[in-house]
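Enquirer: Sending over protein_23.cif (mmCIF, C-alpha atoms and all ligand atoms).
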data_target
loop_
_atom_site.group_PDB
_atom_site.id
_atom_site.type_symbol
_atom_site.label_atom_id
_atom_site.label_comp_id
_atom_site.auth_asym_id
_atom_site.auth_seq_id
_atom_site.Cartn_x
_atom_site.Cartn_y
_atom_site.Cartn_z
ATOM 1 C CA MET I 245 -0.021 -5.440 -0.779
ATOM 2 C CA ASN I 246 0.315 -6.967 2.674
ATOM 3 C CA ASN I 247 -2.042 -9.831 3.550
ATOM 4 C CA VAL I 248 -3.106 -11.805 0.496
ATOM 5 C CA LEU I 249 -5.762 -14.408 -0.259
ATOM 6 C CA ILE I 250 -5.100 -16.731 -3.191
ATOM 7 C CA ILE I 251 -8.304 -18.360 -4.429
ATOM 8 C CA GLY I 252 -7.376 -21.494 -6.361
ATOM 9 C CA SER I 253 -3.995 -21.797 -4.645
ATOM 10 C CA THR I 254 -3.391 -25.404 -5.677
ATOM 11 C CA GLY I 255 -3.857 -24.804 -9.416
ATOM 12 C CA GLN I 256 -1.257 -24.216 -12.116
ATOM 13 C CA ILE I 257 -0.633 -20.547 -11.272
ATOM 14 C CA GLY I 258 -1.740 -20.606 -7.630
ATOM 15 C CA THR I 259 0.778 -23.157 -6.375
ATOM 16 C CA GLU I 260 3.736 -21.131 -7.521
ATOM 17 C CA LEU I 261 2.283 -17.678 -6.875
ATOM 18 C CA THR I 262 1.447 -18.540 -3.257
ATOM 19 C CA LEU I 263 4.996 -19.777 -2.591
ATOM 20 C CA GLU I 264 6.540 -16.825 -4.417
ATOM 21 C CA LEU I 265 4.563 -14.290 -2.360
ATOM 22 C CA ARG I 266 5.505 -16.098 0.851
ATOM 23 C CA ASP I 267 9.159 -16.290 -0.175
ATOM 24 C CA ARG I 268 9.155 -12.580 -0.905
ATOM 25 C CA GLY I 269 7.996 -11.914 2.654
ATOM 26 C CA PHE I 270 4.558 -10.419 2.186
ATOM 27 C CA GLY I 271 2.324 -10.609 5.291
ATOM 28 C CA LYS I 272 -0.108 -13.483 5.629
ATOM 29 C CA VAL I 273 -0.509 -15.272 2.291
ATOM 30 C CA VAL I 274 -3.567 -17.501 2.683
ATOM 31 C CA ALA I 275 -3.823 -20.510 0.385
ATOM 32 C CA GLY I 276 -7.525 -20.815 -0.501
ATOM 33 C CA TYR I 277 -8.573 -24.223 -1.779
ATOM 34 C CA ILE I 278 -11.649 -26.358 -2.336
ATOM 35 C CA PRO I 279 -12.075 -29.783 -0.709
ATOM 36 C CA GLY I 280 -10.447 -32.384 -2.939
ATOM 37 C CA ALA I 281 -7.695 -29.960 -3.991
ATOM 38 C CA GLU I 282 -5.943 -29.502 -0.656
ATOM 39 C CA PRO I 283 -2.499 -27.884 -0.442
ATOM 40 C CA LYS I 284 0.342 -30.310 0.253
ATOM 41 C CA ASP I 285 4.014 -30.256 1.254
ATOM 42 C CA ARG I 286 5.642 -26.820 1.227
ATOM 43 C CA LEU I 287 2.428 -25.100 0.154
ATOM 44 C CA LEU I 288 0.699 -26.503 3.226
ATOM 45 C CA GLU I 289 3.585 -26.003 5.625
ATOM 46 C CA SER I 290 4.771 -22.519 4.671
ATOM 47 C CA GLY I 291 1.668 -20.532 5.642
ATOM 48 C CA PRO I 292 -2.038 -20.469 6.447
ATOM 49 C CA SER I 293 -4.635 -22.180 4.293
ATOM 50 C CA ALA I 294 -8.435 -22.151 4.299
ATOM 51 C CA VAL I 295 -11.353 -23.641 2.410
ATOM 52 C CA VAL I 296 -12.536 -20.933 0.010
ATOM 53 C CA ASP I 297 -15.070 -22.018 -2.580
ATOM 54 C CA ILE I 298 -15.413 -19.041 -4.909
ATOM 55 C CA THR I 299 -19.104 -19.755 -5.362
ATOM 56 C CA GLU I 300 -19.623 -19.187 -1.613
ATOM 57 C CA ALA I 301 -19.327 -15.444 -0.936
ATOM 58 C CA GLY I 302 -19.536 -16.054 2.824
ATOM 59 C CA GLN I 303 -16.382 -18.185 2.794
ATOM 60 C CA ILE I 304 -14.445 -15.486 0.945
ATOM 61 C CA ALA I 305 -15.631 -12.776 3.348
ATOM 62 C CA GLU I 306 -14.794 -14.862 6.403
ATOM 63 C CA VAL I 307 -11.173 -15.411 5.370
ATOM 64 C CA VAL I 308 -10.744 -11.795 4.218
ATOM 65 C CA SER I 309 -12.018 -10.567 7.564
ATOM 66 C CA LYS I 310 -10.080 -13.095 9.677
ATOM 67 C CA TYR I 311 -6.703 -12.429 8.031
ATOM 68 C CA LYS I 312 -7.258 -8.719 7.269
ATOM 69 C CA VAL I 313 -6.670 -9.455 3.607
ATOM 70 C CA ASP I 314 -6.011 -6.426 1.393
ATOM 71 C CA THR I 315 -5.344 -8.191 -1.926
ATOM 72 C CA ILE I 316 -7.193 -11.111 -3.520
ATOM 73 C CA TYR I 317 -5.721 -13.167 -6.346
ATOM 74 C CA ASN I 318 -8.730 -14.825 -7.939
ATOM 75 C CA LEU I 319 -7.265 -17.807 -9.802
ATOM 76 C CA ALA I 320 -10.329 -20.064 -9.915
ATOM 77 C CA ALA I 321 -11.265 -21.036 -13.471
ATOM 78 C CA LEU I 322 -11.909 -23.866 -15.874
ATOM 79 C CA LEU I 323 -9.521 -23.614 -18.824
ATOM 80 C CA SER I 324 -10.711 -23.224 -22.398
ATOM 81 C CA ALA I 325 -11.140 -26.803 -23.651
ATOM 82 C CA VAL I 326 -12.619 -28.263 -20.469
ATOM 83 C CA ALA I 327 -14.977 -25.274 -20.202
ATOM 84 C CA GLU I 328 -16.510 -26.334 -23.525
ATOM 85 C CA SER I 329 -17.535 -29.629 -21.947
ATOM 86 C CA LYS I 330 -18.943 -27.885 -18.834
ATOM 87 C CA PRO I 331 -20.032 -24.403 -19.938
ATOM 88 C CA GLN I 332 -22.539 -23.941 -17.111
ATOM 89 C CA LEU I 333 -19.922 -24.713 -14.473
ATOM 90 C CA ALA I 334 -17.411 -22.481 -16.273
ATOM 91 C CA TRP I 335 -19.877 -19.592 -16.007
ATOM 92 C CA LYS I 336 -20.606 -20.315 -12.357
ATOM 93 C CA ILE I 337 -16.921 -20.232 -11.421
ATOM 94 C CA GLY I 338 -15.841 -17.526 -13.859
ATOM 95 C CA MET I 339 -18.728 -15.069 -13.483
ATOM 96 C CA ASP I 340 -20.730 -15.826 -10.342
ATOM 97 C CA GLY I 341 -17.430 -16.462 -8.585
ATOM 98 C CA LEU I 342 -15.894 -13.209 -9.791
ATOM 99 C CA PHE I 343 -19.004 -11.314 -8.735
ATOM 100 C CA ASN I 344 -18.622 -12.747 -5.217
ATOM 101 C CA VAL I 345 -14.958 -11.747 -5.111
ATOM 102 C CA LEU I 346 -15.670 -8.209 -6.304
ATOM 103 C CA GLU I 347 -18.504 -7.756 -3.814
ATOM 104 C CA VAL I 348 -16.305 -8.890 -0.915
ATOM 105 C CA ALA I 349 -13.517 -6.627 -2.220
ATOM 106 C CA ARG I 350 -15.947 -3.691 -2.333
ATOM 107 C CA GLN I 351 -17.075 -4.308 1.236
ATOM 108 C CA TYR I 352 -13.613 -4.915 2.721
ATOM 109 C CA GLY I 353 -11.553 -2.554 0.540
ATOM 110 C CA CYS I 354 -9.406 -5.208 -1.182
ATOM 111 C CA ALA I 355 -7.500 -4.983 -4.447
ATOM 112 C CA VAL I 356 -8.296 -7.796 -6.899
ATOM 113 C CA PHE I 357 -6.257 -9.560 -9.582
ATOM 114 C CA THR I 358 -8.230 -11.916 -11.857
ATOM 115 C CA PRO I 359 -6.216 -13.297 -14.765
ATOM 116 C CA SER I 360 -7.611 -12.717 -18.199
ATOM 117 C CA SER I 361 -6.353 -14.523 -21.277
ATOM 118 C CA ILE I 362 -5.566 -14.548 -24.970
ATOM 119 C CA GLY I 363 -8.916 -16.368 -24.962
ATOM 120 C CA VAL I 364 -10.748 -13.005 -24.938
ATOM 121 C CA PHE I 365 -9.937 -12.690 -28.638
ATOM 122 C CA GLY I 366 -11.769 -14.359 -31.484
ATOM 123 C CA ASP I 367 -11.906 -14.819 -35.239
ATOM 124 C CA ASN I 368 -12.472 -11.121 -36.022
ATOM 125 C CA THR I 369 -9.576 -9.893 -33.913
ATOM 126 C CA PRO I 370 -6.413 -8.836 -35.789
ATOM 127 C CA LYS I 371 -4.189 -11.939 -35.501
ATOM 128 C CA ASP I 372 -0.682 -10.491 -35.578
ATOM 129 C CA LYS I 373 0.566 -8.062 -32.961
ATOM 130 C CA THR I 374 -2.993 -7.970 -31.625
ATOM 131 C CA PRO I 375 -3.468 -4.480 -30.152
ATOM 132 C CA GLN I 376 -4.367 -3.767 -26.535
ATOM 133 C CA ASP I 377 -7.708 -2.208 -27.444
ATOM 134 C CA THR I 378 -9.372 -4.211 -30.189
ATOM 135 C CA ILE I 379 -12.261 -6.533 -31.037
ATOM 136 C CA ARG I 380 -12.984 -9.159 -28.376
ATOM 137 C CA ASN I 381 -15.457 -11.651 -29.808
ATOM 138 C CA PRO I 382 -14.612 -15.107 -28.464
ATOM 139 C CA ARG I 383 -16.872 -18.044 -29.258
ATOM 140 C CA THR I 384 -15.810 -20.169 -26.277
ATOM 141 C CA MET I 385 -17.380 -20.055 -22.812
ATOM 142 C CA TYR I 386 -13.897 -19.502 -21.414
ATOM 143 C CA GLY I 387 -13.481 -16.436 -23.611
ATOM 144 C CA VAL I 388 -16.979 -15.157 -22.893
ATOM 145 C CA THR I 389 -16.355 -15.292 -19.139
ATOM 146 C CA LYS I 390 -12.947 -13.650 -19.530
ATOM 147 C CA VAL I 391 -14.316 -10.738 -21.610
ATOM 148 C CA ALA I 392 -17.259 -10.272 -19.250
ATOM 149 C CA GLY I 393 -14.848 -10.569 -16.320
ATOM 150 C CA GLU I 394 -12.663 -7.784 -17.718
ATOM 151 C CA LEU I 395 -15.725 -5.559 -18.144
ATOM 152 C CA LEU I 396 -17.108 -6.343 -14.696
ATOM 153 C CA SER I 397 -13.724 -5.714 -13.067
ATOM 154 C CA ASP I 398 -13.418 -2.352 -14.821
ATOM 155 C CA TYR I 399 -16.991 -1.575 -13.736
ATOM 156 C CA TYR I 400 -16.144 -2.164 -10.082
ATOM 157 C CA TYR I 401 -13.124 0.105 -10.428
ATOM 158 C CA ILE I 402 -15.070 2.908 -12.120
ATOM 159 C CA ARG I 403 -18.252 2.601 -10.068
ATOM 160 C CA TYR I 404 -16.867 1.715 -6.630
ATOM 161 C CA GLY I 405 -13.136 2.406 -6.780
ATOM 162 C CA VAL I 406 -12.234 -1.271 -6.235
ATOM 163 C CA ASP I 407 -8.567 -1.574 -7.246
ATOM 164 C CA THR I 408 -8.935 -4.231 -9.942
ATOM 165 C CA ARG I 409 -6.005 -5.039 -12.244
ATOM 166 C CA SER I 410 -5.341 -7.863 -14.659
ATOM 167 C CA VAL I 411 -3.277 -9.245 -17.506
ATOM 168 C CA ARG I 412 -4.216 -11.339 -20.513
ATOM 169 C CA PHE I 413 -1.973 -14.336 -19.959
ATOM 170 C CA PRO I 414 -0.779 -16.324 -22.944
ATOM 171 C CA GLY I 415 -0.147 -20.066 -22.582
ATOM 172 C CA LEU I 416 1.816 -20.576 -19.353
ATOM 173 C CA ILE I 417 4.602 -23.134 -19.192
ATOM 174 C CA SER I 418 5.948 -24.583 -15.960
ATOM 175 C CA TYR I 419 7.327 -27.763 -14.421
ATOM 176 C CA VAL I 420 5.558 -27.522 -11.057
ATOM 177 C CA THR I 421 1.778 -27.941 -11.379
ATOM 178 C CA PRO I 422 0.419 -29.045 -14.757
ATOM 179 C CA PRO I 423 -2.445 -27.072 -16.302
ATOM 180 C CA GLY I 424 -5.620 -29.009 -17.052
ATOM 181 C CA GLY I 425 -7.927 -28.741 -20.007
ATOM 182 C CA GLY I 426 -6.395 -25.749 -21.755
ATOM 183 C CA THR I 427 -5.695 -25.224 -25.438
ATOM 184 C CA THR I 428 -2.066 -24.315 -24.794
ATOM 185 C CA ASP I 429 -1.401 -27.338 -22.531
ATOM 186 C CA TYR I 430 0.521 -29.048 -25.339
ATOM 187 C CA ALA I 431 3.383 -26.612 -24.771
ATOM 188 C CA VAL I 432 3.774 -28.027 -21.251
ATOM 189 C CA ASP I 433 3.071 -31.681 -22.099
ATOM 190 C CA ILE I 434 5.745 -31.713 -24.811
ATOM 191 C CA TYR I 435 8.482 -31.166 -22.196
ATOM 192 C CA TYR I 436 7.186 -33.946 -19.929
ATOM 193 C CA GLU I 437 7.088 -36.425 -22.806
ATOM 194 C CA ALA I 438 10.563 -35.418 -23.995
ATOM 195 C CA VAL I 439 12.050 -36.096 -20.559
ATOM 196 C CA ARG I 440 10.164 -39.408 -20.245
ATOM 197 C CA GLY I 441 11.716 -40.491 -23.546
ATOM 198 C CA ASN I 442 8.333 -40.800 -25.275
ATOM 199 C CA THR I 443 7.204 -39.639 -28.694
ATOM 200 C CA PHE I 444 5.030 -36.577 -28.195
ATOM 201 C CA VAL I 445 1.597 -36.833 -29.803
ATOM 202 C CA CYS I 446 0.685 -33.217 -30.468
ATOM 203 C CA PRO I 447 -3.014 -32.197 -30.529
ATOM 204 C CA ILE I 448 -2.288 -28.847 -32.195
ATOM 205 C CA ALA I 449 -1.192 -28.632 -35.846
ATOM 206 C CA ALA I 450 2.318 -27.592 -36.847
ATOM 207 C CA GLY I 451 2.326 -23.947 -37.851
ATOM 208 C CA THR I 452 -0.321 -22.882 -35.302
ATOM 209 C CA PHE I 453 1.197 -19.868 -33.579
ATOM 210 C CA MET I 454 0.088 -18.771 -30.098
ATOM 211 C CA ASP I 455 1.786 -16.638 -27.494
ATOM 212 C CA MET I 456 3.472 -18.455 -24.602
ATOM 213 C CA MET I 457 5.246 -17.445 -21.409
ATOM 214 C CA TYR I 458 7.412 -19.123 -18.812
ATOM 215 C CA MET I 459 5.755 -19.244 -15.386
ATOM 216 C CA ARG I 460 8.556 -17.297 -13.712
ATOM 217 C CA ASP I 461 7.742 -14.321 -15.953
ATOM 218 C CA ALA I 462 4.012 -14.786 -15.391
ATOM 219 C CA LEU I 463 4.470 -14.657 -11.603
ATOM 220 C CA ARG I 464 6.512 -11.486 -11.886
ATOM 221 C CA ALA I 465 3.770 -9.952 -14.039
ATOM 222 C CA ALA I 466 1.042 -10.847 -11.537
ATOM 223 C CA ILE I 467 3.032 -9.331 -8.668
ATOM 224 C CA ASP I 468 4.530 -6.301 -10.447
ATOM 225 C CA LEU I 469 1.155 -5.171 -11.763
ATOM 226 C CA MET I 470 -0.387 -5.234 -8.287
ATOM 227 C CA LEU I 471 2.583 -3.231 -6.943
ATOM 228 C CA ALA I 472 2.567 -0.738 -9.819
ATOM 229 C CA ASP I 473 1.953 2.974 -9.269
ATOM 230 C CA PRO I 474 -1.781 3.333 -9.984
ATOM 231 C CA SER I 475 -1.354 6.864 -11.306
ATOM 232 C CA ARG I 476 0.496 5.442 -14.311
ATOM 233 C CA LEU I 477 -2.216 2.932 -15.233
ATOM 234 C CA ILE I 478 -4.338 4.005 -18.170
ATOM 235 C CA HIS I 479 -5.643 0.468 -18.644
ATOM 236 C CA ARG I 480 -6.623 -1.974 -15.910
ATOM 237 C CA ASN I 481 -8.564 -5.019 -17.087
ATOM 238 C CA ALA I 482 -6.675 -6.397 -18.765
ATOM 239 C CA PHE I 483 -3.172 -5.788 -20.160
ATOM 240 C CA ASN I 484 -1.825 -7.744 -23.116
ATOM 241 C CA ILE I 485 1.452 -9.368 -22.087
ATOM 242 C CA THR I 486 3.626 -11.840 -23.930
ATOM 243 C CA SER I 487 7.058 -13.424 -24.049
ATOM 244 C CA MET I 488 7.161 -15.419 -27.286
ATOM 245 C CA SER I 489 4.980 -16.456 -30.193
ATOM 246 C CA LEU I 490 5.466 -20.216 -30.720
ATOM 247 C CA GLU I 491 4.143 -23.112 -32.792
ATOM 248 C CA PRO I 492 4.700 -26.800 -32.007
ATOM 249 C CA GLU I 493 7.662 -27.293 -34.374
ATOM 250 C CA THR I 494 9.571 -24.395 -32.825
ATOM 251 C CA ILE I 495 9.274 -25.861 -29.338
ATOM 252 C CA TYR I 496 10.091 -29.313 -30.692
ATOM 253 C CA ARG I 497 13.290 -28.087 -32.356
ATOM 254 C CA SER I 498 14.280 -26.235 -29.211
ATOM 255 C CA ILE I 499 13.983 -29.472 -27.174
ATOM 256 C CA CYS I 500 15.877 -31.473 -29.833
ATOM 257 C CA ARG I 501 18.967 -29.327 -29.216
ATOM 258 C CA TYR I 502 19.175 -31.064 -25.809
ATOM 259 C CA ILE I 503 17.389 -34.373 -26.548
ATOM 260 C CA PRO I 504 18.315 -35.100 -30.183
ATOM 261 C CA ASP I 505 16.353 -38.368 -30.513
ATOM 262 C CA PHE I 506 13.079 -36.804 -29.318
ATOM 263 C CA ARG I 507 10.201 -37.384 -31.795
ATOM 264 C CA ILE I 508 6.887 -35.641 -32.422
ATOM 265 C CA GLU I 509 3.817 -36.788 -34.323
ATOM 266 C CA TYR I 510 0.484 -35.085 -34.840
ATOM 267 C CA ARG I 511 -3.021 -36.243 -33.928
ATOM 268 C CA ILE I 512 -5.103 -33.084 -34.101
ATOM 269 C CA ASP I 513 -7.836 -32.508 -31.518
ATOM 270 C CA PRO I 514 -10.519 -30.627 -33.503
ATOM 271 C CA LEU I 515 -11.879 -28.771 -30.450
ATOM 272 C CA ARG I 516 -8.504 -27.481 -29.315
ATOM 273 C CA GLN I 517 -7.403 -26.738 -32.865
ATOM 274 C CA ALA I 518 -10.517 -24.638 -33.543
ATOM 275 C CA ILE I 519 -9.904 -22.676 -30.355
ATOM 276 C CA ALA I 520 -6.228 -22.201 -31.203
ATOM 277 C CA ASP I 521 -7.120 -21.009 -34.711
ATOM 278 C CA SER I 522 -9.438 -18.374 -33.247
ATOM 279 C CA TRP I 523 -6.732 -16.945 -30.970
ATOM 280 C CA PRO I 524 -4.030 -14.435 -31.928
ATOM 281 C CA ASN I 525 -0.666 -15.469 -33.355
ATOM 282 C CA SER I 526 1.027 -12.797 -31.253
ATOM 283 C CA LEU I 527 0.057 -9.921 -28.958
ATOM 284 C CA ASP I 528 1.286 -6.338 -28.799
ATOM 285 C CA ASP I 529 2.164 -5.681 -25.152
ATOM 286 C CA THR I 530 3.363 -2.077 -25.525
ATOM 287 C CA CYS I 531 0.802 -0.702 -23.037
ATOM 288 C CA ALA I 532 1.982 -3.062 -20.274
ATOM 289 C CA ARG I 533 5.592 -2.096 -20.971
ATOM 290 C CA GLU I 534 4.797 1.611 -20.866
ATOM 291 C CA GLU I 535 2.306 1.740 -18.000
ATOM 292 C CA TRP I 536 3.998 -0.550 -15.442
ATOM 293 C CA GLY I 537 7.329 -1.586 -16.880
ATOM 294 C CA TRP I 538 6.462 -5.123 -17.997
ATOM 295 C CA LYS I 539 9.382 -7.002 -19.576
ATOM 296 C CA PRO I 540 9.780 -10.784 -19.949
ATOM 297 C CA LEU I 541 13.133 -12.338 -18.991
ATOM 298 C CA PHE I 542 12.831 -15.869 -20.432
ATOM 299 C CA ASP I 543 13.123 -16.589 -24.141
ATOM 300 C CA LEU I 544 12.490 -20.004 -25.702
ATOM 301 C CA ASP I 545 15.977 -21.398 -25.191
ATOM 302 C CA ALA I 546 16.236 -20.225 -21.574
ATOM 303 C CA MET I 547 12.805 -21.728 -20.885
ATOM 304 C CA THR I 548 13.687 -25.053 -22.545
ATOM 305 C CA GLN I 549 16.907 -25.377 -20.558
ATOM 306 C CA ASP I 550 15.161 -24.588 -17.282
ATOM 307 C CA MET I 551 12.190 -26.896 -17.987
ATOM 308 C CA LEU I 552 14.379 -29.839 -18.996
ATOM 309 C CA SER I 553 16.776 -29.500 -16.104
ATOM 310 C CA HIS I 554 13.977 -29.345 -13.509
ATOM 311 C CA LEU I 555 11.940 -32.136 -15.062
ATOM 312 C CA LYS I 556 15.009 -34.398 -15.195
ATOM 313 C CA GLU I 557 15.345 -33.974 -11.424
HETATM 314 N N1 LIG Y 1 -3.896 -21.412 -21.246
HETATM 315 C C1 LIG Y 1 -5.277 -21.114 -21.421
HETATM 316 C C2 LIG Y 1 -5.980 -22.191 -22.157
HETATM 317 O O1 LIG Y 1 -5.371 -22.775 -23.007
HETATM 318 C C3 LIG Y 1 -5.460 -19.828 -22.143
HETATM 319 O O2 LIG Y 1 -5.510 -18.781 -21.284
HETATM 320 O O3 LIG Y 1 -7.130 -22.413 -21.941
#
Will you turn the file into structure tokens for me?
Ligand code: SER
Expert:
Amino acid sequence: MNNVLIIGSTGQIGTELTLELRDRGFGKVVAGYIPGAEPKDRLLESGPSAVVDITEAGQIAEVVSKYKVDTIYNLAALLSAVAESKPQLAWKIGMDGLFNVLEVARQYGCAVFTPSSIGVFGDNTPKDKTPQDTIRNPRTMYGVTKVAGELLSDYYYIRYGVDTRSVRFPGLISYVTPPGGGTTDYAVDIYYEAVRGNTFVCPIAAGTFMDMMYMRDALRAAIDLMLADPSRLIHRNAFNITSMSLEPETIYRSICRYIPDFRIEYRIDPLRQAIADSWPNSLDDTCAREEWGWKPLFDLDAMTQDMLSHLKE
């Protein structure tokens, strides 16, 4: 991995991944963005940026050629809940966009990382310690595009030798760029409300377990997988990875250790709750651990301390 293009560089993952790759001293790390979501501050100042609309294959090819890009991080997506209000757009970005990325990668010899998600699973999937290779039958457009994206990425590897690799991210928690329109967003919002001194109104019912991960671990996963020895990879698109299986009360209690008068109440969002209920309680990430040495570093308490201290700043 030398010169990198990040598509969706100003989103929840992209902002931090772009800076992390630049800080680690990779070659050119190009921040791809769409008009209206321009990079700012350090993201803008620390390296090159370019307009890259994933639905425009020509724009992707131009930047890849100009900067001699060898690795593309394709982070453009609508998250699960918002995709249900705009399923056609979710398909256009998730599938037509991925097709464009894979075609450019085929022509220019790039490796591709496209995040997958716990959203690939559905009601018929085993809920606890969900295996790597199991039923994927989502009933959301987000999940449909993620399953199809995994299959298409594997196809390009098998058929054309395009070096595609991916992980199924759980809910990602960070204090830098908020997610937007996801089912797991509550696990980020709860920290913001705690620090603001507000009561948190939780859209997901107590007792609803989903896997979560601190962004620092997620960034390491996205980088380590692309640097992994390909001869060890039995799987490619996409590896189960996880850090912790959490429900709202667990996060709430963890925050209360530092902000004792913090309060939570519940006003369930039926759309998000139905999606959450269809997703696993916890994933089995043995394959990622064995094939490329995946290991999370942040547990709930370490994450809570880090989130609260940064948000208080
Ligand atoms: N965080 C995503 C969402 O909630 C899942 O991958 O949509």
Enquirer: Between I:Glu289, I:Glu306, I:Asp521, I:Asp545, single out the one closest to Phe365 in chain I, counting only C-alpha atoms.
Expert: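 That would be I:Asp521, the residue with the smallest distance to Phe365 in chain I.
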Enquirer: I'd like to know which of I:Ala532, I:Met456, I:Ala450, I:Val420 is closest to Leu555 in chain I, using all atoms listed in the file.
Expert: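 Looking only at the distances to Leu555 in chain I, the closest residue turns out to be I:Val420.
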Enquirer: Using only C-alpha atoms, which residue out of I:Glu491, I:His554, I:Tyr496, I:Ala546 lies closest to Tyr458 in chain I?
Expert: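 Checking each candidate against Tyr458 in chain I, we get I:Ala546 as the closest.
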Enquirer: Convert the output of the PyMOL selection byres (((chain I and resi 355) around 6) and not hetatm) on the shown file into explicit residues, formatted as a PyMOL selection string.
Expert: chain I and resi 315+354+356+407-408
Enquirer: Just want the 8 Å neighbourhood of Ile250 in chain I, counted on all atoms listed in the file, with same-chain residues fewer than 2 positions away dropped. Output as a list in words.
Expert: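 So, after excluding close chain neighbours, the residues are Val248, Gly252, Ser253, Gly258, Thr262, Val273, Val274, Ala275, Gly276, Ile316, Tyr317, Asn318 and Leu319 of chain I.
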Enquirer: With only C-alpha atoms as the atoms that count, which of I:Ala438, I:Leu552, I:Val348, I:Ala465 lies nearest to Ser418 in chain I?
Expert: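 Nearest to Ser418 in chain I: I:Leu552.
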Enquirer: Check the smallest atom-to-atom distance from each of I:Ala462, I:Cys500, I:Ile362, I:Leu288 to ligand LIG 1 (chain Y) using all atoms listed in the file, then report the winner.
Expert: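 Closest residue, counting all atoms listed in the file: I:Ile362.
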Enquirer: Which residues come within 7 Å of range 427-430 of chain I, counting only C-alpha atoms, excluding same-chain residues fewer than 4 positions away, as a ChimeraX atom specification?
Expert: /I:324-325,415,423,434,446,516,519-520
Enquirer: Work out how far apart CA of Gly425 in chain I and CA of Ser361 in chain I are and give it in Å to one decimal.
Expert: 14.4 Å
Enquirer: Given the choices I:Ile485, I:Ile508, I:Gly426, I:Pro370, which gets closest to Arg464 in chain I if the distance is worked out from all atoms listed in the file?
Expert: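 Once distances to Arg464 in chain I are computed over all atoms listed in the file, the minimum belongs to I:Ile485.
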Enquirer: Given the PyMOL selection byres (((chain I and resi 488) around 8) and not hetatm) and the file above, list the residues it selects as a PyMOL selection string.
Expert: chain I and resi 455-457+486-487+489-490+526+543-544
